[in-house]
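Enquirer: data21.txt is reproduced in full below (compact mmCIF, C-alpha atoms).
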# COMPACT_ATOMS: atom_id res chain seq x y z
CA MET A 1 -11.17 8.21 51.55
CA PRO A 2 -8.22 7.75 53.94
CA THR A 3 -9.06 8.51 57.55
CA ASP A 4 -5.53 8.43 58.95
CA ILE A 5 -4.19 11.77 60.10
CA SER A 6 -0.44 12.29 60.05
CA PRO A 7 1.34 13.17 63.32
CA GLY A 8 2.47 16.47 61.83
CA THR A 9 -1.13 17.42 61.07
CA ARG A 10 -2.22 16.49 64.58
CA LEU A 11 0.63 18.51 66.07
CA ARG A 12 -0.31 21.60 64.06
CA ALA A 13 -3.96 21.13 64.98
CA TRP A 14 -3.06 20.91 68.67
CA GLU A 15 -0.86 24.00 68.48
CA ARG A 16 -3.63 25.98 66.78
CA ALA A 17 -6.21 24.80 69.31
CA ALA A 18 -3.94 25.46 72.31
CA GLU A 19 -2.60 28.82 71.16
CA TRP A 20 -5.26 31.06 72.68
CA PRO A 21 -5.81 29.03 75.90
CA LEU A 22 -2.06 29.03 76.57
CA ALA A 23 -1.87 32.74 75.82
CA GLY A 24 -4.67 33.35 78.32
CA ALA A 25 -2.92 31.13 80.86
CA ALA A 26 0.29 33.09 80.31
CA VAL A 27 -1.56 36.35 81.02
CA VAL A 28 -2.94 34.85 84.24
CA PHE A 29 0.56 33.64 85.11
CA LEU A 30 2.07 37.07 84.48
CA GLY A 31 -0.60 38.87 86.48
CA THR A 32 -0.36 36.46 89.42
CA TYR A 33 3.43 36.43 89.48
CA ALA A 34 3.63 40.23 89.18
CA TRP A 35 1.09 40.65 92.00
CA GLU A 36 2.99 38.22 94.21
CA VAL A 37 6.33 39.95 93.63
CA LEU A 38 5.14 43.56 93.75
CA THR A 39 3.07 43.09 96.92
CA ASN A 40 5.62 40.77 98.54
CA ALA A 41 2.70 38.46 99.34
CA GLN A 42 2.93 36.39 102.50
CA GLY A 43 0.90 33.70 104.20
CA GLY A 44 -2.35 32.64 102.56
CA ALA A 45 -2.05 35.18 99.75
CA LYS A 46 1.33 33.78 98.80
CA GLU A 47 0.03 30.20 98.93
CA THR A 48 -2.88 31.13 96.66
CA ALA A 49 -0.56 32.83 94.18
CA GLU A 50 1.78 29.84 94.21
CA PHE A 51 -1.17 27.50 93.60
CA VAL A 52 -2.26 29.51 90.54
CA ILE A 53 1.31 29.68 89.25
CA GLY A 54 1.72 25.93 89.82
CA ALA A 55 -1.51 25.17 87.96
CA VAL A 56 -0.46 27.26 84.96
CA TRP A 57 2.99 25.69 85.15
CA ALA A 58 1.40 22.24 84.98
CA LEU A 59 -0.63 23.38 81.95
CA PHE A 60 2.55 24.42 80.15
CA GLY A 61 4.11 21.08 81.07
CA LEU A 62 1.10 19.24 79.68
CA ASP A 63 1.36 21.23 76.45
CA TYR A 64 5.02 20.25 76.14
CA LEU A 65 4.25 16.55 76.67
CA VAL A 66 1.37 16.58 74.17
CA ARG A 67 3.52 18.26 71.53
CA LEU A 68 6.29 15.75 72.18
CA VAL A 69 3.89 12.81 71.75
CA LEU A 70 2.36 14.26 68.56
CA ALA A 71 5.68 15.23 66.97
CA PRO A 72 6.42 13.25 63.77
CA SER A 73 10.06 12.77 64.76
CA ARG A 74 10.17 12.86 68.55
CA GLY A 75 13.94 12.70 68.83
CA ARG A 76 14.48 15.61 66.47
CA TRP A 77 11.65 17.60 68.06
CA PHE A 78 13.08 16.92 71.53
CA LEU A 79 16.52 18.21 70.53
CA ARG A 80 15.06 21.30 68.84
CA HIS A 81 12.98 22.17 71.92
CA LEU A 82 15.53 21.64 74.69
CA PRO A 83 15.08 25.26 75.92
CA ASP A 84 11.37 24.55 76.45
CA LEU A 85 12.23 21.49 78.51
CA ALA A 86 14.83 23.39 80.53
CA ILE A 87 12.39 26.19 81.31
CA ILE A 88 9.81 23.69 82.54
CA VAL A 89 12.13 21.41 84.50
CA LEU A 90 14.70 23.75 86.05
CA PRO A 91 13.23 25.76 88.97
CA ILE A 92 15.77 28.56 88.50
CA LEU A 93 14.32 29.26 85.06
CA ARG A 94 10.73 29.30 86.24
CA PRO A 95 10.18 33.07 86.02
CA LEU A 96 11.30 32.96 82.38
CA ARG A 97 8.29 30.78 81.57
CA LEU A 98 6.51 34.12 81.41
CA LEU A 99 8.06 34.52 77.98
CA ARG A 100 5.26 32.26 76.81
CA LEU A 101 3.44 35.58 76.43
CA VAL A 102 5.32 35.90 73.14
CA THR A 103 2.41 33.78 71.88
CA LEU A 104 0.29 36.91 72.22
CA VAL A 105 2.76 38.84 70.10
CA SER A 106 2.59 36.22 67.35
CA ILE A 107 -1.21 36.53 67.35
CA MET A 108 -0.98 40.32 67.20
CA GLN A 109 1.28 40.05 64.17
CA ARG A 110 -1.76 39.14 62.07
CA SER A 111 -3.01 42.71 62.41
CA ALA A 112 0.31 44.08 61.17
CA GLY A 113 -0.35 43.04 57.59
CA THR A 114 1.57 40.68 55.41
CA ALA A 115 4.80 42.69 55.31
CA LEU A 116 7.58 40.68 56.85
CA ARG A 117 9.27 43.80 58.17
CA GLY A 118 6.10 44.84 60.00
CA ARG A 119 5.77 41.43 61.67
CA ILE A 120 9.41 41.42 62.72
CA THR A 121 9.13 44.94 64.16
CA LEU A 122 6.03 44.08 66.17
CA TYR A 123 7.51 40.81 67.35
CA THR A 124 10.76 42.49 68.40
CA ALA A 125 9.05 45.33 70.26
CA GLY A 126 6.69 42.94 72.07
CA SER A 127 9.48 40.53 72.93
CA ALA A 128 11.68 43.33 74.28
CA ALA A 129 8.88 44.70 76.47
CA LEU A 130 8.06 41.24 77.84
CA LEU A 131 11.70 40.41 78.42
CA ILE A 132 12.30 43.64 80.33
CA LEU A 133 9.17 43.24 82.45
CA THR A 134 9.68 39.59 83.33
CA SER A 135 13.38 40.04 84.02
CA ALA A 136 12.67 42.98 86.32
CA LEU A 137 10.10 40.94 88.25
CA ALA A 138 12.39 37.92 88.47
CA ALA A 139 15.36 40.04 89.59
CA LEU A 140 13.29 41.78 92.27
CA ASP A 141 12.00 38.41 93.46
CA ALA A 142 15.55 37.07 93.70
CA GLU A 143 17.28 40.17 95.12
CA ARG A 144 14.72 41.67 97.48
CA HIS A 145 15.94 39.70 100.49
CA GLU A 146 19.60 39.50 99.47
CA PRO A 147 21.83 41.38 101.98
CA GLY A 148 23.53 44.36 100.39
CA SER A 149 21.63 44.12 97.10
CA SER A 150 20.91 47.38 95.28
CA ILE A 151 17.69 46.02 93.75
CA GLN A 152 15.07 46.54 96.44
CA SER A 153 12.14 48.05 94.50
CA PHE A 154 10.41 47.45 91.20
CA GLY A 155 11.66 50.79 89.92
CA GLN A 156 15.25 49.79 90.59
CA ALA A 157 14.66 46.39 89.02
CA LEU A 158 13.10 47.95 85.93
CA TRP A 159 15.99 50.41 85.59
CA TRP A 160 18.45 47.53 85.94
CA ALA A 161 16.61 45.51 83.27
CA LEU A 162 16.62 48.47 80.85
CA THR A 163 20.33 49.19 81.28
CA THR A 164 21.17 45.49 81.05
CA ILE A 165 19.16 44.61 77.93
CA THR A 166 20.64 47.61 76.11
CA THR A 167 24.13 46.45 77.22
CA VAL A 168 24.74 49.88 78.80
CA GLY A 169 25.20 48.61 82.35
CA TYR A 170 25.70 51.76 84.46
CA GLY A 171 26.68 49.64 87.45
CA ASP A 172 24.52 51.53 89.95
CA THR A 173 22.27 48.48 90.31
CA PHE A 174 23.38 44.89 89.95
CA PRO A 175 22.32 41.45 91.22
CA LEU A 176 24.22 39.62 93.94
CA SER A 177 22.41 36.29 94.19
CA THR A 178 23.18 33.35 91.94
CA GLN A 179 19.66 33.35 90.52
CA GLY A 180 19.81 37.11 89.93
CA ARG A 181 23.11 36.83 88.06
CA PHE A 182 21.75 33.95 86.00
CA ILE A 183 18.78 36.10 85.03
CA ALA A 184 21.17 38.94 84.18
CA ALA A 185 23.22 36.66 81.93
CA LEU A 186 20.13 35.53 80.02
CA LEU A 187 18.90 39.12 79.78
CA MET A 188 22.21 40.26 78.30
CA ILE A 189 22.11 37.43 75.77
CA GLY A 190 18.52 38.37 74.93
CA GLY A 191 19.54 42.03 74.55
CA VAL A 192 22.30 41.15 72.09
CA ALA A 193 19.89 38.92 70.14
CA LEU A 194 17.26 41.68 69.99
CA ALA A 195 19.90 44.19 68.87
CA GLY A 196 20.80 41.79 66.09
CA VAL A 197 17.16 41.53 65.05
CA VAL A 198 16.79 45.32 65.05
CA THR A 199 19.98 45.72 62.99
CA ALA A 200 18.85 43.05 60.54
CA THR A 201 15.42 44.67 60.24
CA LEU A 202 16.99 48.09 59.58
CA ALA A 203 19.34 46.58 57.00
CA SER A 204 16.42 44.81 55.35
CA TRP A 205 14.49 48.10 55.22
CA ILE A 206 17.43 49.90 53.58
CA VAL A 207 17.94 47.08 51.10
CA SER A 208 14.24 47.09 50.25
CA LEU A 209 14.39 50.85 49.60
CA VAL A 210 17.39 50.38 47.31
CA GLU A 211 15.66 47.51 45.52
CA GLU A 212 12.51 49.58 45.06
CA GLU A 213 14.54 52.46 43.62
CA ASN A 214 16.44 50.09 41.35
CA ALA A 215 13.17 48.50 40.25
CA GLU A 216 11.74 51.92 39.39
CA GLN A 217 14.86 52.86 37.45
CA GLU A 218 14.84 49.52 35.66
CA ALA A 219 11.18 49.93 34.78
CA ALA A 220 11.87 53.43 33.43
CA ALA A 221 14.83 52.15 31.45
CA GLN A 222 12.74 49.31 30.02
CA ALA A 223 10.02 51.78 29.05
CA GLN A 224 12.59 53.96 27.27
CA VAL A 225 14.04 50.93 25.47
CA ALA A 226 10.55 49.86 24.41
CA ALA A 227 9.85 53.37 23.11
CA LEU A 228 13.13 53.41 21.18
CA GLN A 229 12.37 49.98 19.75
CA ALA A 230 8.98 51.22 18.62
CA GLN A 231 10.58 54.27 16.99
CA VAL A 232 13.19 52.10 15.26
CA ALA A 233 10.47 49.78 14.01
CA ALA A 234 8.53 52.75 12.66
CA LEU A 235 11.65 54.10 10.94
CA GLN A 236 12.35 50.68 9.45
CA ALA A 237 8.81 50.56 8.11
CA GLN A 238 9.20 54.02 6.59
CA VAL A 239 12.56 53.10 5.05
CA SER A 240 11.08 49.92 3.64
CA GLU A 241 8.13 51.81 2.17
CA LEU A 242 10.43 54.44 0.71
CA SER A 243 12.65 51.75 -0.79
CA GLU A 244 9.62 50.14 -2.44
CA ARG A 245 8.56 53.48 -3.92
CA ILE A 246 12.06 54.08 -5.30
CA ASP A 247 12.06 50.60 -6.85
CA ARG A 248 8.70 51.26 -8.50
CA LEU A 249 9.86 54.63 -9.82
CA LEU A 250 13.03 53.07 -11.22
CA ALA A 251 10.98 50.33 -12.85
CA VAL A 252 8.61 52.87 -14.45
CA HIS A 253 11.53 54.96 -15.69
CA ALA A 254 13.23 51.90 -17.17
CA SER A 255 10.06 50.88 -19.04
CA ASP A 256 9.60 54.39 -20.47
CA ARG A 257 13.07 54.23 -22.01
Show me this structure written as structure tokens.
Expert:
Amino acid sequence: MPTDISPGTRLRAWERAAEWPLAGAAVVFLGTYAWEVLTNAQGGAKETAEFVIGAVWALFGLDYLVRLVLAPSRGRWFLRHLPDLAIIVLPILRPLRLLRLVTLVSIMQRSAGTALRGRITLYTAGSAALLILTSALAALDAERHEPGSSIQSFGQALWWALTTITTVGYGDTFPLSTQGRFIAALLMIGGVALAGVVTATLASWIVSLVEEENAEQEAAAQAQVAALQAQVAALQAQVSELSERIDRLLAVHASDR
């Protein structure tokens, strides 16, 4: 029996094995980062939080390198995963690494059944909640010490994230720093993408309802056609039997003459 394992198989095996550990690491990352931002940690507490964040960051980097090495076509895989590389390498994108928590959403999808619409709905809701939370934390972290910024508390940051992701943008709170505006730009893009997913999911639901109704009508029509065919066949049999009787009667009458 061949003992060689293809790179694609090894990559899938690694991703399955690393899924839960990375999800747990992402939860630790989220909790540590949220605690650091919300408490405005200083001194030793801040150093401890940064150490934990750095360790989890290194774990995500290791996962990226392992997946790159195990990829069947490294060049193609590298080009398809440029956002992952950017999130790991660019410091300004570091808070967005929290979106790795989407891994948890993908695991939760298994409990939503096999319906594609159910998985998409759960994935969209989880992604939106994570995007709002992480963007609010990142904006507060970037704007808290910015002179003249209107985002000075988590409540203000959360309100800003909600109005931004829904593309409402009241304008009462807005980022002033370069990092804050970069986060806002990505959040707006994410909001438009999520709106597209929601619209597509709604359209799919409506189409599925129409298809179900059409299928029921088609099934009813087929049943009626089958019933009519059966009736026609029965009538044909009766006509054939009657024709045979008439032929026999005519034959008897002809012989009597």
Enquirer: Would you please work out which residue, of A:Thr9, A:Thr134, A:Ser127, A:Ser177, is nearest to A:Val37 when using all atoms listed in the file?
Expert: A:Thr134
Enquirer: With distances taken over only C-alpha atoms, which residue among A:Gln229, A:Thr173, A:Leu137, A:Ala220 lies nearest A:Leu38?
Expert: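 Counting only C-alpha atoms, the residue closest to A:Leu38 is A:Leu137.
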Enquirer: Residues within 10 Å of A:Gly169, please, as a ChimeraX atom specification. Count all atoms listed in the file; anything in the same chain fewer than 5 positions from it doesn't count.
Expert: /A:159-164,174,188
Enquirer: Where's the centre, and what are the edge lengths in Å to one decimal, of a box along x, y and z enclosing all listed atoms of stretch 28-41 of chain A padded 5 Å per side, as lines of an AutoDock Vina configuration file?
Expert:
center_x = 1.7
center_y = 38.6
center_z = 91.8
size_x = 19.3
size_y = 19.9
size_z = 25.1
Enquirer: Restricting the calculation to all atoms listed in the file, which member of A:Val28, A:Ala17, A:Arg74, A:Tyr64 is positioned closest to A:Val52?
Expert: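 With all atoms listed in the file as the atom set, the closest residue is A:Val28.
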Enquirer: What is the distance between atom CA of A:Val168 and atom CA of A:Thr199, in Å to one decimal?
Expert: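 So the answer is 17.0 Å.
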Enquirer: I want to know what sits within 10 Å of A:Gly180, based on only C-alpha atoms, with residues of the same chain fewer than 2 positions away left out; could you give that as a list of chain:residue names?
Expert: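 Contacts, in chain order: A:Ile92, A:Ser135, A:Ala136, A:Ala138, A:Ala139, A:Leu140, A:Asp141, A:Ala142, A:Glu143, A:Glu146, A:Ile151, A:Phe174, A:Pro175, A:Leu176, A:Ser177, A:Thr178, A:Phe182, A:Ile183, A:Ala184, A:Ala185.
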Enquirer: With a distance cut-off of 9 Å and all atoms listed in the file, select the neighbouring residues of A:Leu68, excluding the residue or stretch itself and same-chain residues fewer than 5 positions from it, and output the selection as a ChimeraX atom specification.
Expert: /A:11,63,73-75,77-78
Enquirer: In Å, rounded to a single decimal, give me how far atom CA of A:Gly61 is from atom CA of A:Pro83.
Expert: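 Computing the Euclidean distance for atom CA of A:Pro83 and atom CA of A:Gly61 yields 12.8 Å.
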Enquirer: Rank A:Ala221, A:Leu59, A:Thr201, A:Gly196 by their smallest atom-to-atom distance to A:Ala23, using all atoms listed in the file, and report the top residue only.
Expert: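 Distance minimum relative to A:Ala23 lands on A:Leu59.
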Enquirer: What is the distance, in Å and to one decimal place, between atom CA of A:Ala157 and atom CA of A:Asp172?
Expert: 11.2 Å
Enquirer: With only C-alpha atoms as the counted atoms, please give the residues lying no more than 9 Å from stretch 12-15 of chain A, apart from itself and same-chain residues fewer than 5 positions off, as a list in words.
Expert: Pro7, Asp63, Val66, Arg67 and Leu70 of chain A
